[in-house]
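Peer 1: Hey, dropping my_file_1.cif in here, mmCIF, C-alpha atoms:
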data_query
loop_
_atom_site.label_atom_id
_atom_site.label_comp_id
_atom_site.auth_asym_id
_atom_site.auth_seq_id
_atom_site.Cartn_x
_atom_site.Cartn_y
_atom_site.Cartn_z
CA MET T 1 -276.30 279.74 189.94
CA ARG T 2 -272.86 278.52 189.01
CA THR T 3 -271.08 280.42 186.24
CA ARG T 4 -267.55 279.61 184.98
CA LEU T 5 -266.20 282.33 187.32
CA THR T 6 -265.64 281.36 190.95
CA GLY T 7 -264.55 283.55 193.87
CA PHE T 8 -262.61 282.20 196.84
CA VAL T 9 -263.22 284.65 199.67
CA GLY T 10 -260.94 284.67 202.71
CA GLY T 11 -262.36 286.33 205.84
CA ARG T 12 -264.04 285.83 209.16
CA SER T 13 -266.92 283.70 207.95
CA GLY T 14 -267.56 280.94 205.44
CA THR T 15 -268.40 277.28 205.05
CA TRP T 16 -264.75 276.18 205.28
CA ARG T 17 -262.48 276.76 208.30
CA VAL T 18 -258.81 277.46 207.54
CA VAL T 19 -256.44 275.12 209.41
CA VAL T 20 -253.21 275.84 207.48
CA ASN T 21 -252.21 278.96 205.49
CA ARG T 22 -248.61 278.53 204.35
CA ALA T 23 -246.59 280.32 201.66
CA VAL T 24 -244.67 277.52 199.93
CA CYS T 25 -242.78 280.12 197.90
CA GLY T 26 -243.24 283.83 197.25
CA ASP T 27 -245.54 286.20 199.12
CA PRO T 28 -248.04 284.78 201.64
CA LEU T 29 -251.77 285.48 201.76
CA SER T 30 -252.91 287.35 204.87
CA GLU T 31 -254.26 285.23 207.72
CA VAL T 32 -257.98 284.47 207.70
CA THR T 33 -260.10 282.09 209.77
CA HIS T 34 -262.61 281.05 207.10
CA LEU T 35 -263.10 280.65 203.37
CA GLU T 36 -266.31 281.07 201.39
CA ILE T 37 -266.74 279.89 197.81
CA GLN T 38 -268.83 282.14 195.56
CA ASP T 39 -270.13 280.26 192.55
CA ASP T 40 -270.78 283.55 190.83
CA ALA T 41 -267.76 285.77 191.41
CA ALA T 42 -269.60 288.77 189.96
CA ALA T 43 -271.58 288.88 193.23
CA SER T 44 -270.17 291.28 195.81
CA PRO T 45 -267.96 289.63 198.45
CA PRO T 46 -269.10 289.60 202.09
CA PRO T 47 -268.07 292.73 204.05
CA SER T 48 -265.69 290.69 206.21
CA ALA T 49 -263.56 289.64 203.19
CA ALA T 50 -259.79 290.03 203.67
CA TRP T 51 -259.06 288.88 200.12
CA VAL T 52 -260.85 287.43 197.10
CA LEU T 53 -259.15 285.16 194.57
CA ARG T 54 -261.01 284.72 191.29
CA GLY T 55 -260.63 281.93 188.75
CA ILE T 56 -262.46 280.73 185.66
CA THR T 57 -262.95 277.14 184.52
CA SER T 58 -261.80 276.73 180.95
CA ASN T 59 -260.90 274.26 178.23
CA GLU T 60 -258.28 271.54 178.77
CA ARG T 61 -254.72 272.67 178.05
CA TYR T 62 -252.55 269.52 178.29
CA VAL T 63 -254.52 266.26 178.49
CA THR T 64 -254.85 264.11 175.40
CA ARG T 65 -258.14 262.45 174.51
CA ALA T 66 -256.95 259.13 175.99
CA GLU T 67 -256.02 260.86 179.27
CA LYS T 68 -259.29 262.82 179.36
CA THR T 69 -261.30 259.63 178.90
CA GLU T 70 -259.39 257.88 181.70
CA LEU T 71 -259.83 260.91 184.00
CA ALA T 72 -263.56 261.09 183.26
CA GLN T 73 -263.91 257.45 184.29
CA LYS T 74 -261.95 257.78 187.53
CA GLN T 75 -262.43 261.28 188.90
CA PRO T 76 -265.11 261.90 191.53
CA SER T 77 -267.30 264.98 191.71
CA LEU T 78 -266.93 267.70 194.32
CA GLY T 79 -269.28 267.87 197.28
CA ARG T 80 -269.07 264.26 198.52
CA SER T 81 -270.43 264.11 202.08
CA ASN T 82 -267.35 262.30 203.43
CA ALA T 83 -264.90 264.73 201.78
CA THR T 84 -264.70 267.09 204.75
CA CYS T 85 -261.08 268.11 204.08
CA ALA T 86 -260.15 270.55 201.35
CA ALA T 87 -257.14 272.41 199.97
CA LEU T 88 -256.89 275.58 197.91
CA ILE T 89 -253.51 275.90 196.19
CA PRO T 90 -252.99 279.18 194.27
CA ILE T 91 -249.93 279.13 191.98
CA LYS T 92 -248.12 281.65 189.80
CA LYS T 93 -245.63 280.43 187.20
CA SER T 94 -242.65 282.35 185.87
CA ALA T 95 -242.29 284.38 182.68
CA ALA T 96 -239.91 281.62 181.51
CA TRP T 97 -242.80 279.11 181.67
CA TRP T 98 -245.16 281.36 179.70
CA GLY T 99 -242.46 281.99 177.11
CA LEU T 100 -242.32 278.27 176.29
CA THR T 101 -244.35 276.88 173.39
CA GLN T 102 -247.16 274.38 173.92
CA ASP T 103 -245.03 271.37 172.91
CA GLU T 104 -242.27 272.43 175.33
CA ARG T 105 -244.74 272.94 178.19
CA ARG T 106 -246.43 269.58 177.59
CA ARG T 107 -242.99 267.89 177.58
CA ILE T 108 -242.13 269.34 181.01
CA PHE T 109 -245.68 268.97 182.40
CA GLU T 110 -246.18 265.32 181.55
CA ASP T 111 -243.18 263.62 179.89
CA GLN T 112 -240.78 264.90 182.58
CA SER T 113 -243.08 265.65 185.54
CA MET T 114 -245.92 263.14 185.07
CA HIS T 115 -248.42 265.70 186.39
CA ILE T 116 -251.48 263.95 184.91
CA ARG T 117 -250.16 260.43 185.64
CA THR T 118 -249.39 261.34 189.29
CA GLY T 119 -252.81 262.93 189.83
CA MET T 120 -254.40 259.77 188.41
CA LEU T 121 -252.76 257.66 191.17
CA PHE T 122 -254.84 259.51 193.76
CA LEU T 123 -258.23 258.98 192.09
CA PRO T 124 -260.94 258.61 193.24
CA ALA T 125 -259.66 259.65 196.69
CA VAL T 126 -258.94 263.29 195.75
CA ALA T 127 -261.53 265.36 193.84
CA ARG T 128 -260.14 268.38 192.03
CA ARG T 129 -261.21 271.47 190.07
CA LEU T 130 -258.83 273.80 188.25
CA HIS T 131 -259.59 277.52 187.90
CA HIS T 132 -257.55 279.71 185.53
CA CYS T 133 -256.68 283.31 186.47
CA ARG T 134 -253.88 284.42 184.15
CA ASP T 135 -256.16 285.73 181.39
CA LEU T 136 -258.82 287.31 183.63
CA SER T 137 -256.83 290.56 183.74
CA PRO T 138 -253.21 291.73 183.40
CA THR T 139 -252.86 292.08 187.18
CA GLU T 140 -254.04 288.80 188.73
CA PRO T 141 -251.87 287.67 191.67
CA PHE T 142 -251.93 284.00 190.57
CA ASP T 143 -252.17 282.00 187.32
CA PHE T 144 -254.17 279.05 188.71
CA LEU T 145 -256.29 278.17 191.73
CA THR T 146 -256.70 274.44 192.28
CA TRP T 147 -259.39 273.25 194.68
CA PHE T 148 -259.20 269.73 196.18
CA GLU T 149 -261.62 267.76 198.39
CA TYR T 150 -260.88 264.49 200.22
CA ALA T 151 -261.89 262.47 203.27
CA PRO T 152 -259.77 262.77 206.46
CA GLU T 153 -258.36 259.24 205.96
CA HIS T 154 -256.88 260.37 202.65
CA ALA T 155 -255.01 263.36 204.11
CA PRO T 156 -251.66 261.43 204.10
CA ALA T 157 -252.21 260.50 200.45
CA PHE T 158 -252.86 264.16 199.63
CA GLU T 159 -249.55 265.11 201.31
CA ASP T 160 -247.83 262.52 199.15
CA LEU T 161 -249.43 264.03 196.01
CA THR T 162 -248.28 267.58 196.81
CA LEU T 163 -244.74 266.40 197.66
CA ARG T 164 -244.41 264.49 194.39
CA LEU T 165 -245.57 267.45 192.30
CA ARG T 166 -243.38 269.96 194.16
CA ALA T 167 -240.33 267.74 193.51
CA SER T 168 -241.02 267.65 189.74
CA PRO T 169 -239.21 269.66 187.02
CA GLU T 170 -242.47 271.57 186.38
CA TRP T 171 -242.22 273.15 189.85
CA GLU T 172 -238.94 274.88 188.93
CA PHE T 173 -241.23 277.30 187.06
CA VAL T 174 -243.45 278.04 190.09
CA GLU T 175 -242.56 281.42 191.56
CA ARG T 176 -245.44 281.84 194.00
CA GLU T 177 -247.44 279.13 195.76
CA VAL T 178 -249.71 279.24 198.79
CA ASP T 179 -251.09 276.11 200.46
CA LEU T 180 -254.39 276.53 202.30
CA ARG T 181 -255.90 273.54 204.09
CA LEU T 182 -259.48 273.61 205.25
CA VAL T 183 -262.16 271.61 207.03
CA GLY T 184 -265.87 271.84 206.39
CA CYS T 185 -267.64 273.74 209.16
CA ALA T 186 -270.40 271.12 209.28
CA ALA T 187 -267.79 268.37 209.85
CA PRO T 188 -267.51 266.66 213.26
CA PRO T 189 -264.69 268.13 215.40
CA MET Y 1 -248.88 302.65 178.62
CA ARG Y 2 -249.62 299.31 176.97
CA THR Y 3 -250.84 296.51 179.25
CA ARG Y 4 -251.78 293.01 178.05
CA LEU Y 5 -255.44 294.14 177.94
CA THR Y 6 -256.57 296.05 174.82
CA GLY Y 7 -259.93 297.67 174.10
CA PHE Y 8 -261.30 298.06 170.57
CA VAL Y 9 -263.83 300.88 170.77
CA GLY Y 10 -266.41 301.33 168.01
CA GLY Y 11 -268.04 304.77 167.80
CA ARG Y 12 -268.09 308.16 166.12
CA SER Y 13 -264.39 308.97 166.57
CA GLY Y 14 -261.06 307.19 166.48
CA THR Y 15 -257.81 306.86 164.56
CA TRP Y 16 -259.24 304.21 162.20
CA ARG Y 17 -262.19 304.77 159.84
CA VAL Y 18 -264.48 301.77 159.29
CA VAL Y 19 -264.98 300.93 155.60
CA VAL Y 20 -266.56 297.45 155.95
CA ASN Y 21 -268.51 295.97 158.89
CA ARG Y 22 -269.84 292.58 157.83
CA ALA Y 23 -271.17 289.64 159.86
CA VAL Y 24 -269.58 286.58 158.23
CA CYS Y 25 -271.69 284.35 160.48
CA GLY Y 26 -273.79 284.91 163.58
CA ASP Y 27 -274.90 288.26 164.98
CA PRO Y 28 -273.48 291.48 163.50
CA LEU Y 29 -271.87 294.33 165.42
CA SER Y 30 -273.81 297.61 165.25
CA GLU Y 31 -272.70 300.13 162.62
CA VAL Y 32 -269.99 302.60 163.63
CA THR Y 33 -267.94 305.07 161.60
CA HIS Y 34 -264.67 304.84 163.53
CA LEU Y 35 -262.58 302.57 165.73
CA GLU Y 36 -260.22 303.59 168.53
CA ILE Y 37 -257.67 301.23 170.09
CA GLN Y 38 -257.14 301.60 173.84
CA ASP Y 39 -253.83 300.13 174.92
CA ASP Y 40 -255.10 300.02 178.48
CA ALA Y 41 -258.64 298.69 178.39
CA ALA Y 42 -259.11 299.57 182.08
CA ALA Y 43 -259.37 303.21 180.97
CA SER Y 44 -262.93 304.44 180.46
CA PRO Y 45 -264.11 304.36 176.82
CA PRO Y 46 -264.92 307.63 175.04
CA PRO Y 47 -268.52 308.83 175.55
CA SER Y 48 -269.33 308.22 171.89
CA ALA Y 49 -268.60 304.46 172.14
CA ALA Y 50 -271.25 302.19 170.60
CA TRP Y 51 -269.41 299.03 171.68
CA VAL Y 52 -266.12 297.96 173.27
CA LEU Y 53 -264.46 294.62 172.56
CA ARG Y 54 -261.74 293.62 175.02
CA GLY Y 55 -258.95 291.11 174.51
CA ILE Y 56 -255.78 290.07 176.34
CA THR Y 57 -252.51 288.99 174.78
CA SER Y 58 -251.40 285.65 176.21
CA ASN Y 59 -249.06 282.72 175.81
CA GLU Y 60 -248.90 280.72 172.56
CA ARG Y 61 -251.44 277.91 172.33
CA TYR Y 62 -250.55 275.96 169.16
CA VAL Y 63 -247.18 276.89 167.62
CA THR Y 64 -244.22 274.61 168.15
CA ARG Y 65 -240.78 276.02 168.92
CA ALA Y 66 -239.72 275.59 165.26
CA GLU Y 67 -242.82 277.48 164.07
CA LYS Y 68 -242.35 280.21 166.68
CA THR Y 69 -238.74 280.74 165.60
CA GLU Y 70 -239.76 280.97 161.93
CA LEU Y 71 -242.58 283.41 162.76
CA ALA Y 72 -240.26 285.58 164.85
CA GLN Y 73 -237.89 285.86 161.88
CA LYS Y 74 -240.58 286.74 159.36
CA GLN Y 75 -243.35 288.66 161.10
CA PRO Y 76 -243.32 292.46 160.99
CA SER Y 77 -244.30 294.71 163.87
CA LEU Y 78 -247.52 296.71 163.99
CA GLY Y 79 -247.48 300.44 163.24
CA ARG Y 80 -245.55 300.47 159.93
CA SER Y 81 -246.11 303.82 158.22
CA ASN Y 82 -247.18 302.22 154.91
CA ALA Y 83 -249.62 299.81 156.59
CA THR Y 84 -252.62 302.13 156.30
CA CYS Y 85 -255.15 299.31 155.94
CA ALA Y 86 -256.32 297.23 158.90
CA ALA Y 87 -258.79 294.51 159.78
CA LEU Y 88 -260.35 293.49 163.09
CA ILE Y 89 -261.83 290.00 162.99
CA PRO Y 90 -263.67 288.92 166.17
CA ILE Y 91 -264.44 285.19 166.30
CA LYS Y 92 -266.39 282.89 168.60
CA LYS Y 93 -265.90 279.14 168.35
CA SER Y 94 -268.46 276.47 169.25
CA ALA Y 95 -268.78 274.43 172.43
CA ALA Y 96 -267.72 271.42 170.29
CA TRP Y 97 -264.33 273.12 169.67
CA TRP Y 98 -263.76 273.87 173.35
CA GLY Y 99 -264.70 270.31 174.26
CA LEU Y 100 -261.82 268.97 172.17
CA THR Y 101 -258.50 268.17 173.81
CA GLN Y 102 -255.31 270.06 172.93
CA ASP Y 103 -254.00 267.31 170.63
CA GLU Y 104 -257.33 267.19 168.76
CA ARG Y 105 -257.44 270.98 168.38
CA ARG Y 106 -253.85 271.15 167.13
CA ARG Y 107 -254.62 268.40 164.58
CA ILE Y 108 -257.54 270.39 163.13
CA PHE Y 109 -255.80 273.79 163.49
CA GLU Y 110 -252.58 272.88 161.72
CA ASP Y 111 -252.43 269.31 160.35
CA GLN Y 112 -255.81 269.68 158.60
CA SER Y 113 -256.24 273.45 158.25
CA MET Y 114 -252.62 274.69 157.99
CA HIS Y 115 -253.53 277.84 159.94
CA ILE Y 116 -249.93 278.68 160.89
CA ARG Y 117 -248.50 277.58 157.52
CA THR Y 118 -251.07 279.68 155.61
CA GLY Y 119 -250.44 282.79 157.74
CA MET Y 120 -246.71 282.36 157.10
CA LEU Y 121 -247.28 282.68 153.31
CA PHE Y 122 -248.45 286.27 153.85
CA LEU Y 123 -245.44 287.43 155.88
CA PRO Y 124 -244.07 290.06 156.03
CA ALA Y 125 -246.97 291.70 154.12
CA VAL Y 126 -249.57 291.22 156.87
CA ALA Y 127 -248.77 292.14 160.49
CA ARG Y 128 -250.97 290.46 163.09
CA ARG Y 129 -251.75 290.48 166.81
CA LEU Y 130 -254.03 287.98 168.56
CA HIS Y 131 -256.08 288.96 171.62
CA HIS Y 132 -257.84 286.31 173.71
CA CYS Y 133 -261.29 287.00 175.24
CA ARG Y 134 -262.74 283.64 176.28
CA ASP Y 135 -261.24 283.62 179.77
CA LEU Y 136 -261.72 287.33 180.58
CA SER Y 137 -265.21 286.59 181.91
CA PRO Y 138 -267.98 284.01 181.44
CA THR Y 139 -269.98 286.41 179.23
CA GLU Y 140 -267.61 287.68 176.54
CA PRO Y 141 -269.26 287.95 173.10
CA PHE Y 142 -266.18 286.56 171.29
CA ASP Y 143 -263.30 284.14 172.00
CA PHE Y 144 -260.63 285.96 169.95
CA LEU Y 145 -260.01 289.35 168.38
CA THR Y 146 -257.35 289.33 165.68
CA TRP Y 147 -255.94 292.66 164.48
CA PHE Y 148 -254.16 292.88 161.10
CA GLU Y 149 -252.27 295.74 159.40
CA TYR Y 150 -251.12 295.86 155.75
CA ALA Y 151 -250.38 298.28 152.93
CA PRO Y 152 -253.11 299.01 150.34
CA GLU Y 153 -251.24 297.02 147.65
CA HIS Y 154 -251.51 293.92 149.85
CA ALA Y 155 -255.32 294.15 150.23
CA PRO Y 156 -255.89 291.41 147.58
CA ALA Y 157 -253.42 289.14 149.38
CA PHE Y 158 -255.29 289.71 152.64
CA GLU Y 159 -258.56 288.69 150.91
CA ASP Y 160 -256.83 285.51 149.77
CA LEU Y 161 -255.69 284.78 153.36
CA THR Y 162 -259.19 285.17 154.82
CA LEU Y 163 -260.76 283.03 152.06
CA ARG Y 164 -258.26 280.23 152.63
CA LEU Y 165 -258.83 280.16 156.38
CA ARG Y 166 -262.63 280.33 156.07
CA ALA Y 167 -262.55 277.32 153.72
CA SER Y 168 -260.54 275.23 156.22
CA PRO Y 169 -261.90 272.46 158.52
CA GLU Y 170 -261.11 274.69 161.54
CA TRP Y 171 -263.79 277.17 160.40
CA GLU Y 172 -266.54 274.54 160.80
CA PHE Y 173 -266.17 275.34 164.51
CA VAL Y 174 -266.64 279.11 164.07
CA GLU Y 175 -270.17 280.10 165.11
CA ARG Y 176 -269.79 283.88 165.08
CA GLU Y 177 -267.45 286.01 162.98
CA VAL Y 178 -267.45 289.70 162.12
CA ASP Y 179 -265.11 291.23 159.54
CA LEU Y 180 -264.25 294.89 160.06
CA ARG Y 181 -262.00 296.64 157.53
CA LEU Y 182 -260.44 299.98 158.33
CA VAL Y 183 -258.21 302.70 156.96
CA GLY Y 184 -255.97 304.93 159.02
CA CYS Y 185 -257.43 308.45 159.37
CA ALA Y 186 -254.03 309.99 158.60
CA ALA Y 187 -253.85 308.03 155.34
CA PRO Y 188 -254.20 309.80 151.98
CA PRO Y 189 -257.76 309.57 150.54
#
Kindly present the structure from the file in structure tokens form.
Peer 2:
Amino acid sequence: MRTRLTGFVGGRSGTWRVVVNRAVCGDPLSEVTHLEIQDDAAASPPPSAAWVLRGITSNERYVTRAEKTELAQKQPSLGRSNATCAALIPIKKSAAWWGLTQDERRRIFEDQSMHIRTGMLFLPAVARRLHHCRDLSPTEPFDFLTWFEYAPEHAPAFEDLTLRLRASPEWEFVEREVDLRLVGCAAPP
Amino acid sequence: MRTRLTGFVGGRSGTWRVVVNRAVCGDPLSEVTHLEIQDDAAASPPPSAAWVLRGITSNERYVTRAEKTELAQKQPSLGRSNATCAALIPIKKSAAWWGLTQDERRRIFEDQSMHIRTGMLFLPAVARRLHHCRDLSPTEPFDFLTWFEYAPEHAPAFEDLTLRLRASPEWEFVEREVDLRLVGCAAPP
């Protein structure tokens, strides 16, 4: 059963095979060959787990009603049979970011960085789910875990998306970022 | 040592004596005589605990920079020696609230309900700290725990504050609320 709390378990087994594990900035995550997704993170992780990242789905923080309506019309669901490529991108933002007020963060996030507008350009090719970590405990290693799924033919488009976001003013507040790329184990070689 | 995570422990001992424990709406909390505040909620609660409510301090969700600056100038710190009265008000909001977008929530919270503006009227009499619960786990009993401290002569003003907020459009989204009033155990009888 799916609860709001999801666990991403890195280890020696899992339904996704890790093909890239790169620290974009800050500390890396230790090397693993596979990733398993636990829809109920309260369950105990498999014994082979090297690390577990936990995140909780929550209410919208930045989108307006007009943006939410447009996203709902365009965004695909996870689990499409042709979406055999995936990415897990854990991010931690700086104390300076969290010291900003909501209006200041929205201004950087969208007015200056076009985070929502840019993501929209890649719909319906790239499916996405955001998991929040910052308020799970005072000691979480990341603030957000974003999970993406796309078909192999859209891998270049996904590169384009990550490059655009990393070049935006919002990313000046990112102090740790890891980029994990994965392929479904049931996918053809 | 204080972390972002605080535990409010109801039981038979503690530095605050419970004088009112009233369910404003939804399920009550069981009767206790005392409340202890654990600045590190990872510590184990005392054996006499009847319940523990946990909350985490987090980034601002609604105030603008101008409002934050005004609040910072006016709001007192917790722990004033004359502030021997306290209140703990746990609140849970409805799914309808959490389905709103940020702009819609801000409009109800401040434009319609004047939550920030009303709180400002009672500064510096009433000190306040907000603890978030909703994203600690998928099964938290409340979304927020707000802690207030004030001197006995400001008790009528505090009643006025709670009445104004409960009459606001924002409160139509509150589906559970408990109102605990306390006096410091070191306070004169």
Peer 1: Using only C-alpha atoms, determine which residues of chain Y fall within 12 Å of chain T; present them as a ChimeraX atom specification.
Peer 2: /Y:2-6,39-42,54-69,94-107,131-140,143
Peer 1: Report, in Å with one decimal, the straight-line distance from atom CA of Thr118 of chain Y to atom CA of Val174 of chain Y.
Peer 2: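 Value for the atom CA of Thr118 of chain Y-atom CA of Val174 of chain Y distance: 17.7 Å.
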Peer 1: From the options T:Cys185, T:Leu165, T:Val19, T:Ile37, which residue's atoms come nearest to Glu110 of chain T, counting all atoms listed in the file?
Peer 2: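 That would be T:Leu165, the residue with the smallest distance to Glu110 of chain T.
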Peer 1: Given all atoms listed in the file as the basis, pick out the residue of Y:Arg117, Y:Ile89, Y:Ile108, Y:His154 nearest to Pro28 of chain Y.
Peer 2: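 The closest residue to Pro28 of chain Y is Y:Ile89.
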Peer 1: Atom CA of Val178 of chain T to atom CA of Tyr150 of chain T: how many Å, to one decimal?
Peer 2: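 These atoms are spaced 18.6 Å apart.
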Peer 1: Tell me which protein, DNA and RNA residues are within 9 Å of segment 157-162 of chain T, counting all atoms listed in the file, leaving out same-chain ones fewer than 2 positions away, and put them as a list in words.
Peer 2: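 Counting only the stated atoms, we get Thr118, Gly119, Leu121, Phe122, Ala125, Val126, Tyr150, Glu153, His154, Ala155, Arg164, Leu165, Arg166 and Ala167 of chain T.
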Peer 1: Starting from the displayed file, determine the output of the PyMOL selection byres ((chain T and resi 127) around 12) and express the residue list as a PDB file with C-alpha atoms, in the coordinates of the input.
Peer 2:
ATOM      1  CA  LEU T  71    -259.830 260.910 184.000  1.00  0.00           C
ATOM      2  CA  ALA T  72    -263.560 261.090 183.260  1.00  0.00           C
ATOM      3  CA  LYS T  74    -261.950 257.780 187.530  1.00  0.00           C
ATOM      4  CA  GLN T  75    -262.430 261.280 188.900  1.00  0.00           C
ATOM      5  CA  PRO T  76    -265.110 261.900 191.530  1.00  0.00           C
ATOM      6  CA  SER T  77    -267.300 264.980 191.710  1.00  0.00           C
ATOM      7  CA  LEU T  78    -266.930 267.700 194.320  1.00  0.00           C
ATOM      8  CA  GLY T  79    -269.280 267.870 197.280  1.00  0.00           C
ATOM      9  CA  ARG T  80    -269.070 264.260 198.520  1.00  0.00           C
ATOM     10  CA  ASN T  82    -267.350 262.300 203.430  1.00  0.00           C
ATOM     11  CA  ALA T  83    -264.900 264.730 201.780  1.00  0.00           C
ATOM     12  CA  THR T  84    -264.700 267.090 204.750  1.00  0.00           C
ATOM     13  CA  CYS T  85    -261.080 268.110 204.080  1.00  0.00           C
ATOM     14  CA  ALA T  86    -260.150 270.550 201.350  1.00  0.00           C
ATOM     15  CA  ALA T  87    -257.140 272.410 199.970  1.00  0.00           C
ATOM     16  CA  LEU T  88    -256.890 275.580 197.910  1.00  0.00           C
ATOM     17  CA  GLY T 119    -252.810 262.930 189.830  1.00  0.00           C
ATOM     18  CA  MET T 120    -254.400 259.770 188.410  1.00  0.00           C
ATOM     19  CA  LEU T 121    -252.760 257.660 191.170  1.00  0.00           C
ATOM     20  CA  PHE T 122    -254.840 259.510 193.760  1.00  0.00           C
ATOM     21  CA  LEU T 123    -258.230 258.980 192.090  1.00  0.00           C
ATOM     22  CA  PRO T 124    -260.940 258.610 193.240  1.00  0.00           C
ATOM     23  CA  ALA T 125    -259.660 259.650 196.690  1.00  0.00           C
ATOM     24  CA  VAL T 126    -258.940 263.290 195.750  1.00  0.00           C
ATOM     25  CA  ARG T 128    -260.140 268.380 192.030  1.00  0.00           C
ATOM     26  CA  ARG T 129    -261.210 271.470 190.070  1.00  0.00           C
ATOM     27  CA  LEU T 130    -258.830 273.800 188.250  1.00  0.00           C
ATOM     28  CA  THR T 146    -256.700 274.440 192.280  1.00  0.00           C
ATOM     29  CA  TRP T 147    -259.390 273.250 194.680  1.00  0.00           C
ATOM     30  CA  PHE T 148    -259.200 269.730 196.180  1.00  0.00           C
ATOM     31  CA  GLU T 149    -261.620 267.760 198.390  1.00  0.00           C
ATOM     32  CA  TYR T 150    -260.880 264.490 200.220  1.00  0.00           C
ATOM     33  CA  ALA T 151    -261.890 262.470 203.270  1.00  0.00           C
ATOM     34  CA  HIS T 154    -256.880 260.370 202.650  1.00  0.00           C
ATOM     35  CA  PHE T 158    -252.860 264.160 199.630  1.00  0.00           C
TER      36      PHE T 158
END
Peer 1: Counting all atoms listed in the file, what is within 9 Å of His115 of chain Y, bar same-chain residues fewer than 6 positions away, as an NGL selection string?
Peer 2: :Y and (109 or 165 or 168 or 170)
Peer 1: So how far away is atom CA of Val18 of chain Y from atom CA of Pro141 of chain Y, in Å?
Peer 2: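 These two atoms are separated by 20.1 Å.
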Peer 1: Could you list, as a ChimeraX atom specification, every residue matched by the PyMOL selection byres ((chain T and resi 12-14) around 6) in this structure?
Peer 2: /T:11,15-16,33-36,48
Peer 1: Write out as a ChimeraX atom specification which residues come within 7 Å of Ala49 of chain Y when counting all atoms listed in the file, dropping same-chain ones fewer than 4 positions away.
Peer 2: /Y:9-11,45
Peer 1: Step by step: start from the point (-266.1, 294.4, 171.9) in the file's coordinates, keep every protein, DNA or RNA residue that has an atom no farther than 6 Å from it, count only C-alpha atoms, and write the set as a VMD selection string.
Peer 2: chain Y and resid 51 to 54
Peer 1: Please fill the gaps in segment 56-70 of chain Y so it has N, CA and C atoms, and write that as an mmCIF file, in the frame of the given file.
Peer 2:
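Everything below was put into rebuild.cif:
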data_model
loop_
_atom_site.group_PDB
_atom_site.id
_atom_site.type_symbol
_atom_site.label_atom_id
_atom_site.label_comp_id
_atom_site.auth_asym_id
_atom_site.auth_seq_id
_atom_site.Cartn_x
_atom_site.Cartn_y
_atom_site.Cartn_z
ATOM 1 N N ILE Y 56 -257.045 290.090 175.589
ATOM 2 C CA ILE Y 56 -255.780 290.070 176.340
ATOM 3 C C ILE Y 56 -254.755 289.242 175.559
ATOM 4 N N THR Y 57 -253.551 289.780 175.432
ATOM 5 C CA THR Y 57 -252.510 288.990 174.780
ATOM 6 C C THR Y 57 -252.031 287.938 175.790
ATOM 7 N N SER Y 58 -251.692 286.761 175.297
ATOM 8 C CA SER Y 58 -251.400 285.650 176.210
ATOM 9 C C SER Y 58 -250.329 284.760 175.611
ATOM 10 N N ASN Y 59 -250.066 283.664 176.298
ATOM 11 C CA ASN Y 59 -249.060 282.720 175.810
ATOM 12 C C ASN Y 59 -249.547 281.999 174.547
ATOM 13 N N GLU Y 60 -248.603 281.467 173.796
ATOM 14 C CA GLU Y 60 -248.900 280.720 172.560
ATOM 15 C C GLU Y 60 -249.654 279.450 172.898
ATOM 16 N N ARG Y 61 -250.636 279.109 172.071
ATOM 17 C CA ARG Y 61 -251.440 277.910 172.330
ATOM 18 C C ARG Y 61 -251.112 276.758 171.385
ATOM 19 N N TYR Y 62 -250.696 277.046 170.148
ATOM 20 C CA TYR Y 62 -250.550 275.960 169.160
ATOM 21 C C TYR Y 62 -249.167 275.858 168.529
ATOM 22 N N VAL Y 63 -248.449 276.978 168.351
ATOM 23 C CA VAL Y 63 -247.180 276.890 167.620
ATOM 24 C C VAL Y 63 -246.158 276.048 168.363
ATOM 25 N N THR Y 64 -245.367 275.320 167.605
ATOM 26 C CA THR Y 64 -244.220 274.610 168.150
ATOM 27 C C THR Y 64 -243.043 275.583 168.211
ATOM 28 N N ARG Y 65 -241.957 275.159 168.841
ATOM 29 C CA ARG Y 65 -240.780 276.020 168.920
ATOM 30 C C ARG Y 65 -240.266 276.349 167.516
ATOM 31 N N ALA Y 66 -240.229 275.352 166.622
ATOM 32 C CA ALA Y 66 -239.720 275.590 165.260
ATOM 33 C C ALA Y 66 -240.590 276.620 164.545
ATOM 34 N N GLU Y 67 -241.902 276.511 164.706
ATOM 35 C CA GLU Y 67 -242.820 277.480 164.070
ATOM 36 C C GLU Y 67 -242.661 278.863 164.679
ATOM 37 N N LYS Y 68 -242.493 278.919 166.005
ATOM 38 C CA LYS Y 68 -242.350 280.210 166.680
ATOM 39 C C LYS Y 68 -241.085 280.929 166.209
ATOM 40 N N THR Y 69 -240.017 280.162 166.058
ATOM 41 C CA THR Y 69 -238.740 280.740 165.600
ATOM 42 C C THR Y 69 -238.898 281.291 164.180
ATOM 43 N N GLU Y 70 -239.559 280.523 163.317
ATOM 44 C CA GLU Y 70 -239.760 280.970 161.930
ATOM 45 C C GLU Y 70 -240.639 282.226 161.896
#
